[in-house]
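Take a look at the structure below.
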Amino acid sequence: MPRFAANLSMLFTDLPFLDRFAAAAQAGFKGCEMQFPYLEAAEVVGDKAAMAGLKVAAFNAPPGDWAKGERGLAAVPGREDEFKANLELVVKYAEFLDCTNVHIMAGVVPEEQWDEALDTYLKNIAYAADELHAEGLHVLVEAINPVDMPDYFLNRPDDAARVIEELDRPNLHLLYDIYHAQMTQGNLTDFIEGNFEKIRHIQIAGAPGRHEPDQLGEINFRYLFDLLDSSGYDGWIGCEYKPRINTTAGLRWAKEWLQPKES
């Protein structure tokens, strides 16, 4: 049976962030994930998750200045010191959130700088994996499609898999986002079967549109959930999508797996 985690940065957004934990639990989720928890104190976020009975499955490392268009620092030349300093904040939040999976975003880099960016990225990810391994944490890398995030350095799951192979760190894994994968290279089944051992966390959304993972898009999610079950996947599946109307109305796709609490 798939284990679904509500992405609290994209679901239940009609509520203040700290109220979304209880709402997710009420809807039947047992886990949650979030993009950036840093506007709230680490201990407060951790307490909200614990009180709601939610396991925090994953969160992102600081991305730089999001308002200015920064989408991570790992591949951005000249920002290495800031990237390394941010890892201290990651460790603090991971402890309070009782979470061991940290997604480190590559960043937005002009194409003409990609040769230098590749060297920067490999060195930074290797450094992060080594530093966080000592803290019992796992580093996740994710390919993000260029339609949703232009000039993002890591676009294709195949490239993310090669990074993992090249760096060969025991705590370096793939965050396989099925929506982004479908938008770039497709072949979802072949990739999952060929890279299953690299995958530690999965995210879902319908394509196109990034809405509910239901039957209105081009991805057969029922087939993929069965594939993951039969392959022995025991990680979380993060629901990182944009509801068409609102979160609760859109959860009809998950009624087989979620058991909402009676009010």
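Naming scheme: A, B, ... for chains in displayed order of the structure tokens; residues 1 onward per chain; ligands 1 onward as shown.
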Just the residues within 12 Å of Pro157 (chain A), please, counting only C-alpha atoms, with nothing from its chain fewer than 5 positions along; format it as a PDB file with N, CA and C atoms, in the first residue's frame.
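So out.pdb came out as:
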```pdb
ATOM      1  N   VAL A 141      18.653  14.347  -4.524  1.00  0.00           N
ATOM      2  CA  VAL A 141      18.758  15.231  -5.680  1.00  0.00           C
ATOM      3  C   VAL A 141      17.577  14.957  -6.591  1.00  0.00           C
ATOM      4  N   GLU A 142      17.086  16.008  -7.231  1.00  0.00           N
ATOM      5  CA  GLU A 142      15.864  15.908  -8.031  1.00  0.00           C
ATOM      6  C   GLU A 142      16.038  16.654  -9.341  1.00  0.00           C
ATOM      7  N   ALA A 143      15.596  16.048 -10.418  1.00  0.00           N
ATOM      8  CA  ALA A 143      15.533  16.724 -11.708  1.00  0.00           C
ATOM      9  C   ALA A 143      14.214  17.479 -11.808  1.00  0.00           C
ATOM     10  N   ILE A 144      14.276  18.752 -12.221  1.00  0.00           N
ATOM     11  CA  ILE A 144      13.091  19.603 -12.328  1.00  0.00           C
ATOM     12  C   ILE A 144      12.972  20.090 -13.767  1.00  0.00           C
ATOM     13  N   ASN A 145      11.791  19.971 -14.330  1.00  0.00           N
ATOM     14  CA  ASN A 145      11.636  20.263 -15.755  1.00  0.00           C
ATOM     15  C   ASN A 145      11.786  21.758 -16.055  1.00  0.00           C
ATOM     16  N   ARG A 162      23.082   9.810 -12.976  1.00  0.00           N
ATOM     17  CA  ARG A 162      24.524   9.787 -13.246  1.00  0.00           C
ATOM     18  C   ARG A 162      25.312  10.498 -12.154  1.00  0.00           C
ATOM     19  N   VAL A 163      24.750  11.568 -11.610  1.00  0.00           N
ATOM     20  CA  VAL A 163      25.404  12.256 -10.492  1.00  0.00           C
ATOM     21  C   VAL A 163      25.562  11.306  -9.311  1.00  0.00           C
ATOM     22  N   ILE A 164      24.510  10.575  -9.005  1.00  0.00           N
ATOM     23  CA  ILE A 164      24.551   9.631  -7.888  1.00  0.00           C
ATOM     24  C   ILE A 164      25.594   8.545  -8.133  1.00  0.00           C
ATOM     25  N   HIS A 173      20.875   9.975  -2.743  1.00  0.00           N
ATOM     26  CA  HIS A 173      19.774   9.251  -3.381  1.00  0.00           C
ATOM     27  C   HIS A 173      19.008  10.160  -4.335  1.00  0.00           C
ATOM     28  N   LEU A 174      18.077   9.543  -5.030  1.00  0.00           N
ATOM     29  CA  LEU A 174      17.242  10.247  -5.988  1.00  0.00           C
ATOM     30  C   LEU A 174      15.871  10.544  -5.403  1.00  0.00           C
ATOM     31  N   LEU A 175      15.442  11.785  -5.542  1.00  0.00           N
ATOM     32  CA  LEU A 175      14.054  12.146  -5.344  1.00  0.00           C
ATOM     33  C   LEU A 175      13.447  12.095  -6.748  1.00  0.00           C
ATOM     34  N   TYR A 176      12.630  11.097  -6.981  1.00  0.00           N
ATOM     35  CA  TYR A 176      12.054  10.905  -8.314  1.00  0.00           C
ATOM     36  C   TYR A 176      10.673  11.529  -8.348  1.00  0.00           C
ATOM     37  N   ASP A 177      10.584  12.681  -8.996  1.00  0.00           N
ATOM     38  CA  ASP A 177       9.310  13.374  -9.145  1.00  0.00           C
ATOM     39  C   ASP A 177       8.687  12.930 -10.467  1.00  0.00           C
ATOM     40  N   ILE A 178       7.600  12.196 -10.374  1.00  0.00           N
ATOM     41  CA  ILE A 178       6.997  11.592 -11.564  1.00  0.00           C
ATOM     42  C   ILE A 178       6.462  12.662 -12.514  1.00  0.00           C
ATOM     43  N   TYR A 179       5.960  13.751 -11.977  1.00  0.00           N
ATOM     44  CA  TYR A 179       5.481  14.836 -12.838  1.00  0.00           C
ATOM     45  C   TYR A 179       6.631  15.431 -13.653  1.00  0.00           C
ATOM     46  N   HIS A 180       7.701  15.834 -12.980  1.00  0.00           N
ATOM     47  CA  HIS A 180       8.837  16.417 -13.690  1.00  0.00           C
ATOM     48  C   HIS A 180       9.432  15.426 -14.687  1.00  0.00           C
ATOM     49  N   ALA A 181       9.483  14.157 -14.296  1.00  0.00           N
ATOM     50  CA  ALA A 181      10.041  13.135 -15.188  1.00  0.00           C
ATOM     51  C   ALA A 181       9.207  12.995 -16.460  1.00  0.00           C
ATOM     52  N   GLN A 182       7.893  12.994 -16.302  1.00  0.00           N
ATOM     53  CA  GLN A 182       7.026  12.882 -17.472  1.00  0.00           C
ATOM     54  C   GLN A 182       7.179  14.097 -18.388  1.00  0.00           C
ATOM     55  N   MET A 183       7.396  15.259 -17.812  1.00  0.00           N
ATOM     56  CA  MET A 183       7.526  16.486 -18.593  1.00  0.00           C
ATOM     57  C   MET A 183       8.840  16.545 -19.369  1.00  0.00           C
ATOM     58  N   THR A 184       9.833  15.770 -18.959  1.00  0.00           N
ATOM     59  CA  THR A 184      11.130  15.841 -19.639  1.00  0.00           C
ATOM     60  C   THR A 184      11.430  14.621 -20.499  1.00  0.00           C
ATOM     61  N   GLN A 185      11.384  13.421 -19.914  1.00  0.00           N
ATOM     62  CA  GLN A 185      11.821  12.268 -20.686  1.00  0.00           C
ATOM     63  C   GLN A 185      10.863  11.087 -20.681  1.00  0.00           C
ATOM     64  N   GLY A 186       9.813  11.116 -19.866  1.00  0.00           N
ATOM     65  CA  GLY A 186       8.863  10.010 -19.876  1.00  0.00           C
ATOM     66  C   GLY A 186       9.511   8.694 -19.499  1.00  0.00           C
ATOM     67  N   ASN A 187       9.040   7.600 -20.125  1.00  0.00           N
ATOM     68  CA  ASN A 187       9.596   6.259 -19.858  1.00  0.00           C
ATOM     69  C   ASN A 187       9.646   5.978 -18.359  1.00  0.00           C
ATOM     70  N   LEU A 188       8.555   6.264 -17.669  1.00  0.00           N
ATOM     71  CA  LEU A 188       8.531   6.183 -16.215  1.00  0.00           C
ATOM     72  C   LEU A 188       8.815   4.784 -15.704  1.00  0.00           C
ATOM     73  N   ASP A 190      10.343   2.200 -17.194  1.00  0.00           N
ATOM     74  CA  ASP A 190      11.722   1.777 -17.465  1.00  0.00           C
ATOM     75  C   ASP A 190      12.689   2.438 -16.500  1.00  0.00           C
ATOM     76  N   PHE A 191      12.477   3.725 -16.231  1.00  0.00           N
ATOM     77  CA  PHE A 191      13.398   4.417 -15.331  1.00  0.00           C
ATOM     78  C   PHE A 191      13.292   3.867 -13.920  1.00  0.00           C
ATOM     79  N   ILE A 192      12.080   3.675 -13.436  1.00  0.00           N
ATOM     80  CA  ILE A 192      11.903   3.158 -12.074  1.00  0.00           C
ATOM     81  C   ILE A 192      12.554   1.783 -11.937  1.00  0.00           C
ATOM     82  N   GLY A 194      14.921   0.501 -13.756  1.00  0.00           N
ATOM     83  CA  GLY A 194      16.362   0.543 -13.955  1.00  0.00           C
ATOM     84  C   GLY A 194      17.125   1.282 -12.878  1.00  0.00           C
ATOM     85  N   ASN A 195      16.430   2.088 -12.077  1.00  0.00           N
ATOM     86  CA  ASN A 195      17.107   2.909 -11.072  1.00  0.00           C
ATOM     87  C   ASN A 195      16.478   2.765  -9.688  1.00  0.00           C
ATOM     88  N   LYS A 198      18.335   3.511  -6.448  1.00  0.00           N
ATOM     89  CA  LYS A 198      18.756   4.891  -6.208  1.00  0.00           C
ATOM     90  C   LYS A 198      17.633   5.731  -5.607  1.00  0.00           C
ATOM     91  N   ILE A 199      16.392   5.298  -5.780  1.00  0.00           N
ATOM     92  CA  ILE A 199      15.236   6.109  -5.402  1.00  0.00           C
ATOM     93  C   ILE A 199      14.922   5.948  -3.909  1.00  0.00           C
TER      94      ILE A 199
END
```
| request: Would you list the contacts of region 214-228 of chain A as a PyMOL selection string, taking every protein, DNA or RNA residue within 12 Å and counting only C-alpha atoms, but skipping same-chain residues closer than 3 positions in sequence? | output: chain A and resi 1-4+178-183+186-193+196-197+199-211+231-237+239+241+243-244+250-257
I need the chosen residues saved as a short mmCIF file (atom, residue, chain, number, x, y, z; two decimals), in the first residue's frame, with N, CA and C atoms.
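Once written, again.cif looks like this:
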```cif
data_model
loop_
_atom_site.label_atom_id
_atom_site.label_comp_id
_atom_site.auth_asym_id
_atom_site.auth_seq_id
_atom_site.Cartn_x
_atom_site.Cartn_y
_atom_site.Cartn_z
N MET A 1 0.85 -1.19 0.00
CA MET A 1 0.00 0.00 0.00
C MET A 1 0.88 1.25 0.00
N PRO A 2 0.66 2.19 -0.92
CA PRO A 2 1.48 3.41 -0.94
C PRO A 2 1.32 4.22 0.34
N ARG A 3 2.41 4.84 0.75
CA ARG A 3 2.38 5.74 1.91
C ARG A 3 2.45 7.17 1.38
N PHE A 4 1.37 7.92 1.51
CA PHE A 4 1.30 9.26 0.94
C PHE A 4 1.61 10.32 2.00
N ILE A 178 7.60 12.20 -10.37
CA ILE A 178 7.00 11.59 -11.56
C ILE A 178 6.46 12.66 -12.51
N TYR A 179 5.96 13.75 -11.98
CA TYR A 179 5.48 14.84 -12.84
C TYR A 179 6.63 15.43 -13.65
N HIS A 180 7.70 15.83 -12.98
CA HIS A 180 8.84 16.42 -13.69
C HIS A 180 9.43 15.43 -14.69
N ALA A 181 9.48 14.16 -14.30
CA ALA A 181 10.04 13.13 -15.19
C ALA A 181 9.21 12.99 -16.46
N GLN A 182 7.89 12.99 -16.30
CA GLN A 182 7.03 12.88 -17.47
C GLN A 182 7.18 14.10 -18.39
N MET A 183 7.40 15.26 -17.81
CA MET A 183 7.53 16.49 -18.59
C MET A 183 8.84 16.55 -19.37
N GLY A 186 9.81 11.12 -19.87
CA GLY A 186 8.86 10.01 -19.88
C GLY A 186 9.51 8.69 -19.50
N ASN A 187 9.04 7.60 -20.13
CA ASN A 187 9.60 6.26 -19.86
C ASN A 187 9.65 5.98 -18.36
N LEU A 188 8.55 6.26 -17.67
CA LEU A 188 8.53 6.18 -16.22
C LEU A 188 8.81 4.78 -15.70
N THR A 189 8.17 3.79 -16.29
CA THR A 189 8.36 2.41 -15.83
C THR A 189 9.80 1.97 -16.01
N ASP A 190 10.34 2.20 -17.19
CA ASP A 190 11.72 1.78 -17.46
C ASP A 190 12.69 2.44 -16.50
N PHE A 191 12.48 3.72 -16.23
CA PHE A 191 13.40 4.42 -15.33
C PHE A 191 13.29 3.87 -13.92
N ILE A 192 12.08 3.68 -13.44
CA ILE A 192 11.90 3.16 -12.07
C ILE A 192 12.55 1.78 -11.94
N GLU A 193 12.30 0.92 -12.90
CA GLU A 193 12.86 -0.43 -12.82
C GLU A 193 14.38 -0.41 -12.95
N PHE A 196 15.80 1.67 -9.48
CA PHE A 196 15.03 1.50 -8.25
C PHE A 196 15.88 1.66 -7.00
N GLU A 197 17.09 1.14 -7.02
CA GLU A 197 17.95 1.19 -5.83
C GLU A 197 18.41 2.60 -5.50
N ILE A 199 16.39 5.30 -5.78
CA ILE A 199 15.24 6.11 -5.40
C ILE A 199 14.92 5.95 -3.91
N ARG A 200 14.91 7.08 -3.21
CA ARG A 200 14.57 7.05 -1.78
C ARG A 200 13.24 7.76 -1.49
N HIS A 201 12.88 8.67 -2.36
CA HIS A 201 11.64 9.44 -2.15
C HIS A 201 11.01 9.71 -3.51
N ILE A 202 9.68 9.73 -3.54
CA ILE A 202 8.94 9.95 -4.78
C ILE A 202 7.93 11.06 -4.56
N GLN A 203 7.72 11.86 -5.60
CA GLN A 203 6.67 12.88 -5.58
C GLN A 203 5.77 12.70 -6.80
N ILE A 204 4.52 13.12 -6.66
CA ILE A 204 3.55 12.90 -7.73
C ILE A 204 2.72 14.15 -7.99
N ALA A 205 2.31 14.29 -9.24
CA ALA A 205 1.33 15.27 -9.68
C ALA A 205 0.94 14.86 -11.09
N GLY A 206 -0.27 15.22 -11.48
CA GLY A 206 -0.73 14.89 -12.82
C GLY A 206 -0.03 15.72 -13.88
N ALA A 207 0.15 15.14 -15.05
CA ALA A 207 0.72 15.86 -16.18
C ALA A 207 -0.21 15.72 -17.38
N PRO A 208 -0.40 16.86 -18.10
CA PRO A 208 0.12 18.21 -17.80
C PRO A 208 -0.70 18.90 -16.72
N GLY A 209 -0.21 20.05 -16.29
CA GLY A 209 -0.95 20.89 -15.36
C GLY A 209 -0.50 20.86 -13.92
N ARG A 210 0.13 19.78 -13.49
CA ARG A 210 0.60 19.61 -12.11
C ARG A 210 -0.56 19.63 -11.11
N HIS A 211 -1.68 19.03 -11.51
CA HIS A 211 -2.83 18.96 -10.62
C HIS A 211 -2.91 17.58 -9.96
N SER A 231 7.53 -3.84 -6.44
CA SER A 231 8.99 -3.73 -6.40
C SER A 231 9.53 -3.65 -4.98
N GLY A 232 8.63 -3.50 -4.00
CA GLY A 232 9.06 -3.42 -2.61
C GLY A 232 9.42 -2.02 -2.15
N TYR A 233 8.93 -1.00 -2.84
CA TYR A 233 9.22 0.37 -2.41
C TYR A 233 8.57 0.64 -1.05
N ASP A 234 9.38 1.07 -0.09
CA ASP A 234 8.86 1.31 1.25
C ASP A 234 9.03 2.76 1.70
N GLY A 235 9.35 3.64 0.74
CA GLY A 235 9.47 5.05 1.07
C GLY A 235 8.12 5.76 0.99
N TRP A 236 8.17 7.08 1.12
CA TRP A 236 6.97 7.90 1.05
C TRP A 236 6.75 8.39 -0.37
N ILE A 237 5.50 8.69 -0.68
CA ILE A 237 5.14 9.31 -1.94
C ILE A 237 4.56 10.68 -1.61
N CYS A 239 2.78 14.13 -2.12
CA CYS A 239 1.73 14.68 -2.98
C CYS A 239 2.01 16.17 -3.18
N TYR A 241 1.29 18.69 -5.57
CA TYR A 241 0.52 19.12 -6.72
C TYR A 241 -0.32 20.34 -6.37
N PRO A 243 -3.94 21.74 -6.36
CA PRO A 243 -5.35 21.35 -6.48
C PRO A 243 -6.09 22.22 -7.49
N ARG A 244 -6.97 21.57 -8.26
CA ARG A 244 -7.74 22.33 -9.26
C ARG A 244 -8.71 23.30 -8.58
N GLY A 250 -10.34 17.84 -3.94
CA GLY A 250 -9.53 17.10 -4.90
C GLY A 250 -9.01 15.77 -4.41
N LEU A 251 -9.24 15.43 -3.16
CA LEU A 251 -8.69 14.19 -2.60
C LEU A 251 -9.51 12.94 -2.95
N ARG A 252 -10.47 13.09 -3.84
CA ARG A 252 -11.23 11.91 -4.27
C ARG A 252 -10.33 10.86 -4.88
N TRP A 253 -9.21 11.30 -5.50
CA TRP A 253 -8.29 10.35 -6.12
C TRP A 253 -7.69 9.40 -5.08
N ALA A 254 -7.63 9.82 -3.82
CA ALA A 254 -6.93 9.05 -2.79
C ALA A 254 -7.86 8.35 -1.82
N LYS A 255 -9.16 8.32 -2.12
CA LYS A 255 -10.11 7.79 -1.14
C LYS A 255 -9.86 6.32 -0.82
N GLU A 256 -9.23 5.60 -1.73
CA GLU A 256 -8.93 4.19 -1.48
C GLU A 256 -7.84 4.02 -0.43
N TRP A 257 -7.00 5.01 -0.29
CA TRP A 257 -5.82 4.88 0.59
C TRP A 257 -5.89 5.74 1.84
#
```
| All strand (DSSP E or B) positions in region 79-214 of chain A, as a PyMOL selection string | chain A and resi 101-103+106+108+138-141+152+172-177+199-204
Please produce an output containing C-alpha atoms for each residue in the selection, written as a PDB file, in the first residue's frame.
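Below you can see again.pdb, which holds the result:
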```
ATOM      1  CA  ASN A 101      15.671  13.211   4.014  1.00  0.00           C
ATOM      2  CA  VAL A 102      16.885  16.582   2.719  1.00  0.00           C
ATOM      3  CA  HIS A 103      16.443  17.679  -0.886  1.00  0.00           C
ATOM      4  CA  ALA A 106      20.823  22.627  -7.801  1.00  0.00           C
ATOM      5  CA  VAL A 108      19.284  28.338 -11.753  1.00  0.00           C
ATOM      6  CA  HIS A 138      20.283  11.488   3.491  1.00  0.00           C
ATOM      7  CA  VAL A 139      20.784  13.902   0.585  1.00  0.00           C
ATOM      8  CA  LEU A 140      18.193  13.841  -2.189  1.00  0.00           C
ATOM      9  CA  VAL A 141      18.758  15.231  -5.680  1.00  0.00           C
ATOM     10  CA  TYR A 152      17.307  24.987 -13.649  1.00  0.00           C
ATOM     11  CA  LEU A 172      23.066  10.183  -1.734  1.00  0.00           C
ATOM     12  CA  HIS A 173      19.774   9.251  -3.381  1.00  0.00           C
ATOM     13  CA  LEU A 174      17.242  10.247  -5.988  1.00  0.00           C
ATOM     14  CA  LEU A 175      14.054  12.146  -5.344  1.00  0.00           C
ATOM     15  CA  TYR A 176      12.054  10.905  -8.314  1.00  0.00           C
ATOM     16  CA  ASP A 177       9.310  13.374  -9.145  1.00  0.00           C
ATOM     17  CA  ILE A 199      15.236   6.109  -5.402  1.00  0.00           C
ATOM     18  CA  ARG A 200      14.567   7.047  -1.780  1.00  0.00           C
ATOM     19  CA  HIS A 201      11.639   9.437  -2.149  1.00  0.00           C
ATOM     20  CA  ILE A 202       8.936   9.946  -4.776  1.00  0.00           C
ATOM     21  CA  GLN A 203       6.671  12.875  -5.579  1.00  0.00           C
ATOM     22  CA  ILE A 204       3.554  12.902  -7.729  1.00  0.00           C
TER      23      ILE A 204
END
```
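In this comparison, which uses only C-alpha atoms, the residue of A:Gly238, A:Gly107, A:Pro77, A:Pro37 approaching Asn155 (chain A) most closely is A:Gly107.
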| task | Run DSSP on the backbone of this structure and report the residues of region 152-195 of chain A it assigns to alpha helix (DSSP H), as a count of residues only. | result | 26
| One-decimal distance in Å that lies between CA of Trp66 (chain A) and CA of Phe21 (chain A) | 23.4 Å
| request: Do a neighbour search on Ala94 (chain A) at 10 Å with only C-alpha atoms, toss out local chain neighbours closer than 3 positions, and write the hits as a list in words. | output: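 Answer for this query is Ala42, Gly46, Val56, Ala58, Phe59, Ala61, Glu88, Leu89, Val90, Val91, Leu97, Asp98, Cys99, Thr100, Asn101, Val102, Glu135, Gly136 and Leu137 of chain A.
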| Pick from A:Ala75, A:Val147, A:Ala160, A:Tyr93: nearest to Leu122 (chain A), with only C-alpha atoms counted? |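 Distance minimum relative to Leu122 (chain A) lands on A:Ala75.
A straight line drawn from CA of Glu70 (chain A) to CA of Leu87 (chain A) is 17.0 Å long.
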